[in-house]
$ cat work37.txt   # compact mmCIF, C-alpha atoms and all ligand atoms
# COMPACT_ATOMS: atom_id res chain seq x y z
CA MET A 1034 304.12 95.21 53.42
CA THR A 1035 303.02 91.55 53.72
CA TYR A 1036 302.81 89.63 57.00
CA ARG A 1037 305.83 87.62 55.89
CA GLU A 1038 307.84 90.80 55.39
CA ILE A 1039 306.81 92.00 58.87
CA PHE A 1040 308.04 88.68 60.36
CA GLU A 1041 311.26 88.89 58.37
CA ARG A 1042 311.85 92.42 59.66
CA ARG A 1043 311.25 91.21 63.24
CA GLU A 1044 313.81 88.44 62.70
CA ALA A 1045 316.30 90.99 61.37
CA ASP A 1046 315.81 93.22 64.44
CA ALA A 1047 315.38 90.69 67.26
CA LEU A 1048 317.48 87.62 66.58
CA SER A 1049 321.12 87.12 67.49
CA PRO A 1050 323.67 87.91 64.73
CA LEU A 1051 324.49 84.18 64.90
CA ALA A 1052 320.90 83.13 64.02
CA SER A 1053 319.69 81.99 60.59
CA ARG A 1054 317.19 84.41 59.11
CA ALA A 1055 314.40 83.17 56.86
CA ALA A 1056 314.91 86.11 54.47
CA GLU A 1057 318.53 84.99 53.99
CA THR A 1058 317.80 81.30 53.35
CA ARG A 1059 319.98 79.56 50.80
CA GLY A 1060 316.67 78.55 49.27
CA ARG A 1061 314.89 75.55 47.81
CA ALA A 1062 315.99 73.17 45.06
CA ARG A 1063 312.99 74.31 42.97
CA ARG A 1064 312.18 78.02 43.13
CA GLU A 1065 308.67 78.87 44.33
CA PRO A 1066 306.80 82.13 44.90
CA GLU A 1067 307.02 83.24 48.56
CA SER A 1068 303.99 83.01 50.89
CA ASP A 1069 302.39 86.32 51.89
CA VAL A 1070 301.72 85.07 55.40
CA ARG A 1071 304.54 82.72 56.42
CA THR A 1072 308.33 82.87 56.31
CA ALA A 1073 310.21 80.15 54.43
CA PHE A 1074 310.93 78.24 57.66
CA GLN A 1075 307.34 78.51 58.92
CA ARG A 1076 306.26 77.06 55.63
CA ASP A 1077 308.63 74.11 56.07
CA ILE A 1078 307.14 73.39 59.52
CA ASP A 1079 303.71 73.15 57.88
CA ARG A 1080 304.92 70.97 55.02
CA ILE A 1081 306.40 68.45 57.45
CA THR A 1082 303.43 68.54 59.85
CA HIS A 1083 301.01 67.80 57.01
CA SER A 1084 303.08 64.97 55.53
CA LYS A 1085 302.10 61.31 55.80
CA SER A 1086 305.55 60.34 57.11
CA PHE A 1087 305.04 62.69 60.07
CA ARG A 1088 301.69 61.12 60.98
CA ARG A 1089 303.22 57.64 60.91
CA LEU A 1090 305.69 58.58 63.70
CA VAL A 1091 302.83 57.90 66.15
CA HIS A 1092 303.07 54.19 65.37
CA LYS A 1093 306.85 53.79 65.27
CA THR A 1094 309.05 52.41 68.05
CA GLN A 1095 311.28 54.66 70.13
CA VAL A 1096 313.06 52.02 72.23
CA PHE A 1097 310.41 49.53 73.29
CA LEU A 1098 309.03 47.55 70.35
CA LYS A 1099 305.28 48.09 69.91
CA PRO A 1100 304.72 48.88 73.60
CA GLU A 1101 301.30 48.03 75.02
CA GLY A 1102 301.42 50.62 77.82
CA ASP A 1103 299.89 54.03 77.08
CA HIS A 1104 302.76 56.04 78.54
CA TYR A 1105 305.79 54.77 76.66
CA ARG A 1106 307.34 57.14 74.13
CA THR A 1107 306.89 56.64 70.42
CA ARG A 1108 308.84 58.41 67.66
CA MET A 1109 306.13 61.08 67.69
CA THR A 1110 306.36 61.92 71.38
CA HIS A 1111 310.17 61.76 71.13
CA THR A 1112 310.00 64.22 68.21
CA LEU A 1113 307.76 66.63 70.16
CA GLU A 1114 310.01 66.48 73.25
CA VAL A 1115 313.07 67.22 71.10
CA SER A 1116 311.23 70.13 69.51
CA ARG A 1117 310.31 71.63 72.90
CA VAL A 1118 313.84 71.35 74.35
CA ALA A 1119 315.46 72.68 71.18
CA ARG A 1120 313.06 75.64 70.95
CA THR A 1121 313.68 76.58 74.58
CA ILE A 1122 317.44 76.63 73.93
CA SER A 1123 317.02 78.46 70.61
CA ARG A 1124 314.78 81.14 72.08
CA ALA A 1125 317.14 81.81 74.97
CA LEU A 1126 320.11 82.12 72.60
CA GLY A 1127 318.23 84.42 70.18
CA LEU A 1128 318.26 81.80 67.42
CA ASN A 1129 315.49 81.15 64.91
CA GLU A 1130 312.79 79.13 66.67
CA ASP A 1131 310.92 78.40 63.42
CA LEU A 1132 313.98 76.86 61.79
CA THR A 1133 314.66 74.90 64.99
CA GLU A 1134 311.11 73.53 65.05
CA ALA A 1135 311.19 72.55 61.37
CA ILE A 1136 314.44 70.60 61.84
CA ALA A 1137 313.22 68.99 65.07
CA ILE A 1138 309.90 67.72 63.70
CA GLY A 1139 311.64 66.42 60.56
CA HIS A 1140 314.75 64.87 62.10
CA ASP A 1141 313.45 61.31 62.60
CA LEU A 1142 311.06 61.01 59.63
CA GLY A 1143 313.36 58.37 58.12
CA HIS A 1144 313.35 55.99 61.08
CA ALA A 1145 312.57 52.42 60.07
CA PRO A 1146 309.92 50.36 61.86
CA PHE A 1147 311.16 48.79 65.13
CA GLY A 1148 313.62 51.62 65.92
CA HIS A 1149 317.36 51.07 65.71
CA ALA A 1150 316.85 47.30 65.34
CA GLY A 1151 314.98 48.04 62.11
CA GLU A 1152 317.69 50.49 61.05
CA ARG A 1153 320.43 47.89 61.57
CA ALA A 1154 318.39 45.28 59.68
CA LEU A 1155 317.81 47.59 56.67
CA ASN A 1156 321.49 48.62 56.65
CA GLU A 1157 322.44 44.97 56.37
CA ILE A 1158 319.79 44.22 53.74
CA MET A 1159 320.98 47.22 51.68
CA SER A 1160 324.71 46.60 52.24
CA ALA A 1161 325.35 45.95 48.54
CA SER A 1162 323.22 48.95 47.41
CA GLY A 1163 324.44 51.89 49.49
CA GLY A 1164 323.32 50.86 53.00
CA PHE A 1165 320.74 52.56 55.20
CA ALA A 1166 321.02 55.18 57.94
CA HIS A 1167 318.00 56.86 59.54
CA ASN A 1168 319.33 60.43 59.21
CA GLU A 1169 320.10 60.01 55.50
CA GLN A 1170 316.66 58.45 55.10
CA SER A 1171 315.02 61.41 56.89
CA LEU A 1172 316.54 63.65 54.21
CA ARG A 1173 315.39 61.23 51.50
CA VAL A 1174 311.85 61.32 52.88
CA VAL A 1175 311.61 65.11 52.56
CA ASP A 1176 313.59 65.28 49.28
CA ARG A 1177 312.10 62.34 47.46
CA VAL A 1178 309.66 59.95 49.15
CA GLU A 1179 306.93 62.41 50.09
CA LYS A 1180 304.55 63.56 47.33
CA ASP A 1181 305.08 60.40 45.25
CA GLY A 1182 308.72 61.09 44.41
CA ALA A 1183 308.56 64.90 44.19
CA GLY A 1184 309.58 65.61 47.81
CA LEU A 1185 308.57 68.60 49.95
CA ASN A 1186 311.08 71.03 48.41
CA LEU A 1187 312.28 72.31 51.80
CA THR A 1188 314.88 75.02 52.38
CA PHE A 1189 318.59 74.20 52.52
CA GLU A 1190 318.84 74.98 56.26
CA VAL A 1191 316.05 72.59 57.25
CA ARG A 1192 317.39 69.82 55.00
CA ASP A 1193 320.91 70.26 56.36
CA GLY A 1194 319.71 70.14 59.99
CA ILE A 1195 317.70 66.98 59.33
CA ARG A 1196 320.62 65.23 57.60
CA ASN A 1197 323.16 66.28 60.22
CA HIS A 1198 321.24 65.74 63.48
CA PRO A 1199 323.32 62.77 64.81
CA HIS A 1200 325.93 63.99 67.30
CA THR A 1201 328.69 62.66 65.02
CA GLU A 1202 327.78 65.22 62.32
CA THR A 1203 328.19 69.01 62.10
CA PRO A 1204 325.11 70.96 60.99
CA ALA A 1205 325.64 74.22 59.08
CA THR A 1206 323.43 76.29 61.43
CA LEU A 1207 323.27 76.80 65.20
CA GLU A 1208 319.59 75.86 65.02
CA GLY A 1209 320.67 72.48 63.64
CA ALA A 1210 323.19 72.18 66.48
CA ALA A 1211 320.42 72.96 69.00
CA VAL A 1212 318.32 70.07 67.63
CA SER A 1213 321.28 67.71 67.64
CA LEU A 1214 322.07 68.38 71.32
CA SER A 1215 318.39 68.36 72.28
CA ASP A 1216 317.85 65.01 70.56
CA ARG A 1217 320.46 63.38 72.79
CA LEU A 1218 319.28 65.27 75.87
CA ALA A 1219 315.64 64.28 75.26
CA TYR A 1220 316.16 60.61 74.43
CA LEU A 1221 318.51 59.92 77.34
CA ASN A 1222 315.95 61.31 79.78
CA HIS A 1223 312.79 59.83 78.29
CA ASP A 1224 314.38 56.45 77.59
CA ALA A 1225 315.48 56.35 81.26
CA ASP A 1226 311.93 57.26 82.30
CA ASP A 1227 310.46 54.50 80.10
CA ALA A 1228 313.03 51.97 81.39
CA ILE A 1229 312.06 52.79 84.99
CA ARG A 1230 308.38 52.41 84.04
CA ALA A 1231 309.19 49.00 82.50
CA GLY A 1232 311.06 47.90 85.65
CA ILE A 1233 314.40 47.55 83.84
CA PHE A 1234 316.13 49.63 86.53
CA THR A 1235 315.06 51.97 89.32
CA GLU A 1236 315.81 55.68 89.75
CA GLU A 1237 318.04 54.70 92.74
CA GLU A 1238 320.18 52.56 90.44
CA VAL A 1239 321.15 55.57 88.28
CA PRO A 1240 324.81 56.08 89.34
CA GLY A 1241 325.50 58.85 91.84
CA GLU A 1242 327.92 60.70 89.54
CA ILE A 1243 324.95 61.24 87.17
CA SER A 1244 322.23 62.12 89.68
CA CYS A 1245 324.54 64.38 91.74
CA ALA A 1246 325.67 66.37 88.69
CA LEU A 1247 322.42 66.42 86.67
CA GLY A 1248 319.59 65.74 89.14
CA GLY A 1249 317.60 62.87 90.57
CA THR A 1250 314.57 63.06 88.24
CA GLY A 1251 314.04 63.42 84.49
CA SER A 1252 312.71 66.96 84.79
CA GLU A 1253 315.62 68.05 87.02
CA ARG A 1254 318.12 66.58 84.58
CA ILE A 1255 316.51 68.28 81.56
CA ASP A 1256 316.40 71.61 83.42
CA THR A 1257 320.07 71.33 84.51
CA LEU A 1258 321.28 70.48 81.01
CA VAL A 1259 319.16 73.10 79.21
CA ARG A 1260 320.41 75.86 81.56
CA ASP A 1261 323.97 74.62 81.20
CA ILE A 1262 323.85 74.58 77.39
CA ILE A 1263 322.36 78.11 77.33
CA GLU A 1264 324.99 79.53 79.72
CA GLU A 1265 327.86 77.71 78.04
CA SER A 1266 326.82 78.64 74.49
CA TYR A 1267 325.48 82.20 74.81
CA GLY A 1268 327.00 84.43 72.15
CA LYS A 1269 329.26 81.68 70.86
CA SER A 1270 329.36 80.21 67.37
CA GLU A 1271 329.16 76.68 68.79
CA LEU A 1272 326.67 74.96 71.09
CA SER A 1273 327.90 72.67 73.83
CA VAL A 1274 327.42 71.20 77.28
CA SER A 1275 329.95 72.67 79.75
CA PRO A 1276 333.08 70.61 80.52
CA LYS A 1277 331.73 70.41 84.10
CA LEU A 1278 328.64 68.43 83.05
CA LYS A 1279 329.99 66.76 79.92
CA MET A 1280 331.37 63.82 81.91
CA ALA A 1281 328.04 63.15 83.65
CA PHE A 1282 326.16 63.53 80.34
CA ASP A 1283 328.45 60.96 78.69
CA ALA A 1284 328.26 58.68 81.74
CA PHE A 1285 324.45 58.82 81.48
CA TYR A 1286 324.68 57.59 77.88
CA GLU A 1287 327.07 54.79 78.88
CA PHE A 1288 324.75 53.76 81.72
CA LEU A 1289 321.76 53.53 79.36
CA ARG A 1290 323.81 51.74 76.73
CA GLY A 1291 324.74 49.07 79.27
CA ARG A 1292 321.42 48.78 81.04
CA LEU A 1293 318.85 49.52 78.32
CA TYR A 1294 320.07 49.77 74.72
CA THR A 1295 321.81 46.39 74.96
CA ASN A 1296 319.55 44.90 77.66
CA PRO A 1297 318.52 41.38 76.66
CA ARG A 1298 315.01 41.80 78.12
CA ALA A 1299 314.26 45.05 76.29
CA LYS A 1300 315.98 43.87 73.15
CA SER A 1301 314.93 40.22 73.17
CA GLU A 1302 312.68 40.61 70.15
CA GLU A 1303 315.28 42.26 67.93
CA ALA A 1304 316.48 39.10 66.18
CA LYS A 1305 312.97 38.67 64.82
CA VAL A 1306 312.99 42.17 63.35
CA TYR A 1307 315.63 41.22 60.80
CA GLY A 1308 313.55 38.22 59.69
CA ILE A 1309 310.42 40.31 59.22
CA LEU A 1310 312.04 43.19 57.31
CA ASN A 1311 314.22 40.91 55.22
CA GLY A 1312 311.17 38.81 54.28
CA ILE A 1313 309.15 41.83 53.19
CA TYR A 1314 312.13 43.37 51.37
CA ALA A 1315 312.93 40.18 49.44
CA TYR A 1316 309.29 39.74 48.43
CA TYR A 1317 308.99 43.25 46.92
CA ALA A 1318 312.51 43.22 45.45
CA GLY A 1319 311.43 40.10 43.56
CA ASN A 1320 308.09 41.67 42.60
CA PRO A 1321 308.72 45.43 42.27
CA SER A 1322 305.57 45.88 40.17
CA LEU A 1323 303.56 45.13 43.35
CA LEU A 1324 304.91 48.25 45.12
CA PRO A 1325 302.25 50.91 45.80
CA PRO A 1326 301.95 53.27 42.78
CA GLU A 1327 303.45 56.23 44.67
CA PHE A 1328 306.83 54.46 44.47
CA SER A 1329 306.83 53.94 40.70
CA LEU A 1330 308.69 57.17 39.87
CA ILE A 1331 311.33 56.40 42.54
CA ALA A 1332 311.71 52.81 41.25
CA ARG A 1333 312.24 54.10 37.70
CA GLU A 1334 314.74 56.79 38.61
CA ASP A 1335 316.55 55.38 41.68
CA GLY A 1336 316.18 51.64 41.03
CA ALA A 1337 313.86 49.01 42.49
CA ALA A 1338 316.14 48.16 45.45
CA ARG A 1339 316.07 51.73 46.77
CA ALA A 1340 312.32 52.09 46.14
CA VAL A 1341 311.60 48.89 48.09
CA CYS A 1342 313.87 50.11 50.90
CA ASP A 1343 311.96 53.43 50.99
CA TYR A 1344 308.66 51.54 51.20
CA VAL A 1345 309.84 49.21 53.99
CA ALA A 1346 311.55 52.06 55.91
CA GLY A 1347 308.33 54.07 55.84
CA MET A 1348 306.25 51.30 57.42
CA THR A 1349 305.02 51.61 60.98
CA ASP A 1350 305.70 48.69 63.34
CA GLY A 1351 302.10 47.48 63.03
CA TYR A 1352 301.96 47.83 59.25
CA ALA A 1353 305.18 45.83 58.87
CA LEU A 1354 303.75 43.06 61.06
CA ARG A 1355 300.46 43.00 59.11
CA THR A 1356 302.33 42.97 55.79
CA TYR A 1357 304.54 40.09 56.90
CA GLU A 1358 301.48 38.18 58.06
CA ARG A 1359 299.62 38.81 54.80
CA LEU A 1360 302.60 37.66 52.72
CA PHE A 1361 303.94 34.74 54.71
CA VAL A 1362 301.50 33.47 57.33
CA PRO A 1363 298.74 31.14 56.05
CA SER A 1364 295.29 32.45 56.91
CA VAL A 1365 292.97 30.32 58.94
CA TRP A 1366 290.35 28.56 56.83
CA ARG A 1367 286.92 29.57 58.02
CA GLU A 1368 283.77 27.82 56.83
MG MG A 1401 315.77 61.58 67.42
$ encode --input "work37.txt" --output "structure tokens"
Amino acid sequence: MTYREIFERREADALSPLASRAAETRGRARREPESDVRTAFQRDIDRITHSKSFRRLVHKTQVFLKPEGDHYRTRMTHTLEVSRVARTISRALGLNEDLTEAIAIGHDLGHAPFGHAGERALNEIMSASGGFAHNEQSLRVVDRVEKDGAGLNLTFEVRDGIRNHPHTETPATLEGAAVSLSDRLAYLNHDADDAIRAGIFTEEEVPGEISCALGGTGSERIDTLVRDIIEESYGKSELSVSPKLKMAFDAFYEFLRGRLYTNPRAKSEEAKVYGILNGIYAYYAGNPSLLPPEFSLIAREDGAARAVCDYVAGMTDGYALRTYERLFVPSVWRE
């Protein structure tokens, strides 16, 4: 018996009947021999962790554009916080923690530079060629962009969870649902924490209906919501926040939408984002032969517009700024 078979047997014995088991995966687009050591989902965790797109999350905006302070979240720290919350929920519910982790660490791989401002800009730029949405791009990254157009050949369950992580979608597995809820739970709390750090509002300004129901600090709120989701969802074929806390959870989102996501001070640089991404996009769309060679297969098979979009979407905030400067800002003449 291989190590993988031992792990698969443990999953069969220990996990909830509602969990997704690696041995029962709906498989990969291209068939591959199984690993002797790792289950299919463990293997997907490793493929994502070792990808270039994953490493670039360190340098991508969460909410604050290119923050100078050391303690603001980036896409990477957001991703790790989502993974921790989702795994805690998964473990308590007897779901597959490996599948949960793979979905969590892959869910935001498709985020454009400059966060949702970059996403909105690319969606507008691509409006005549299919648009742009970060969750669809995350799937494109693992299916197509990584490995020079070959993709990572992940399992169906991981791909589905990545594609369907926004709360408006319905993932096929409960592990996917755990990531979807944890994404919202994590970003509301860490974005509030970052906004307080930036002086956009104070903890005391968080409305009483939210702090009374969920708690007065980030860690209290996460703890309250995680316990609530576990108790509400145990043994059920759906994951949810209880009706008791749902109102406060939604009110928390509305509060952040009003005070942070549309705050002119936090968002004052967003108009410039469109100019930068549109400039870079137009330059490469006019000169597709100048794209890095790893995009040539994608350009041939999916068209130049989509290949340029993939290239721009993959840029970190800093790389996009440097590229714009190289292309459009005259360099200083030094003797
Ligand atoms: Mg996310």
$ residues_near_ligand --input "work37.txt" --ligand "ligand MG 1401 (chain A)" --cutoff "8 Å" --atoms "only C-alpha atoms and all ligand atoms" --output "PyMOL selection string"
chain A and resi 1108+1111-1112+1115+1140-1141+1198+1216-1217+1220
$ closest_residue --input "work37.txt" --among "A:Asp1079, A:Arg1061, A:Leu1128, A:Phe1147" --to "Ala1045 (chain A)" --atoms "all atoms listed in the file"
A:Leu1128
$ closest_residue --input "work37.txt" --among "A:Leu1132, A:Val1118, A:Ile1039, A:Leu1310" --to "Asn1222 (chain A)" --atoms "all atoms listed in the file"
A:Val1118
$ closest_residue --input "work37.txt" --among "A:Glu1179, A:Glu1041, A:Glu1114, A:Asp1077" --to "Gly1347 (chain A)" --atoms "all atoms listed in the file"
A:Glu1179
$ closest_residue --input "work37.txt" --among "A:Gly1139, A:Gly1291, A:Pro1240, A:Gly1232" --to "Ile1195 (chain A)" --atoms "only C-alpha atoms"
A:Gly1139
$ atom_distance --input "work37.txt" --atom1 "CA of Val1178 (chain A)" --atom2 "CA of Met1348 (chain A)"
12.4 Å
$ atom_distance --input "work37.txt" --atom1 "CA of Ala1210 (chain A)" --atom2 "CA of Pro1050 (chain A)"
15.8 Å
$ residues_around --input "work37.txt" --residues "Lys1277 (chain A)" --least-positions-apart "6" --cutoff "12 Å" --atoms "only C-alpha atoms" --output "ChimeraX atom specification"
/A:1242-1243,1246-1247,1257-1258,1261-1262,1265,1283
$ residues_near_point --input "work37.txt" --point "(310.7, 79.9, 61.3)" --cutoff "6 Å" --atoms "all atoms listed in the file" --output "number ranges by chain"
A: 1074-1075, 1130-1132
$ atom_distance --input "work37.txt" --atom1 "CA of Pro1363 (chain A)" --atom2 "CA of Asp1350 (chain A)"
20.2 Å
$ closest_residue --input "work37.txt" --among "A:Lys1305, A:Arg1339, A:Arg1076, A:Arg1230" --to "Gly1102 (chain A)" --atoms "all atoms listed in the file"
A:Arg1230
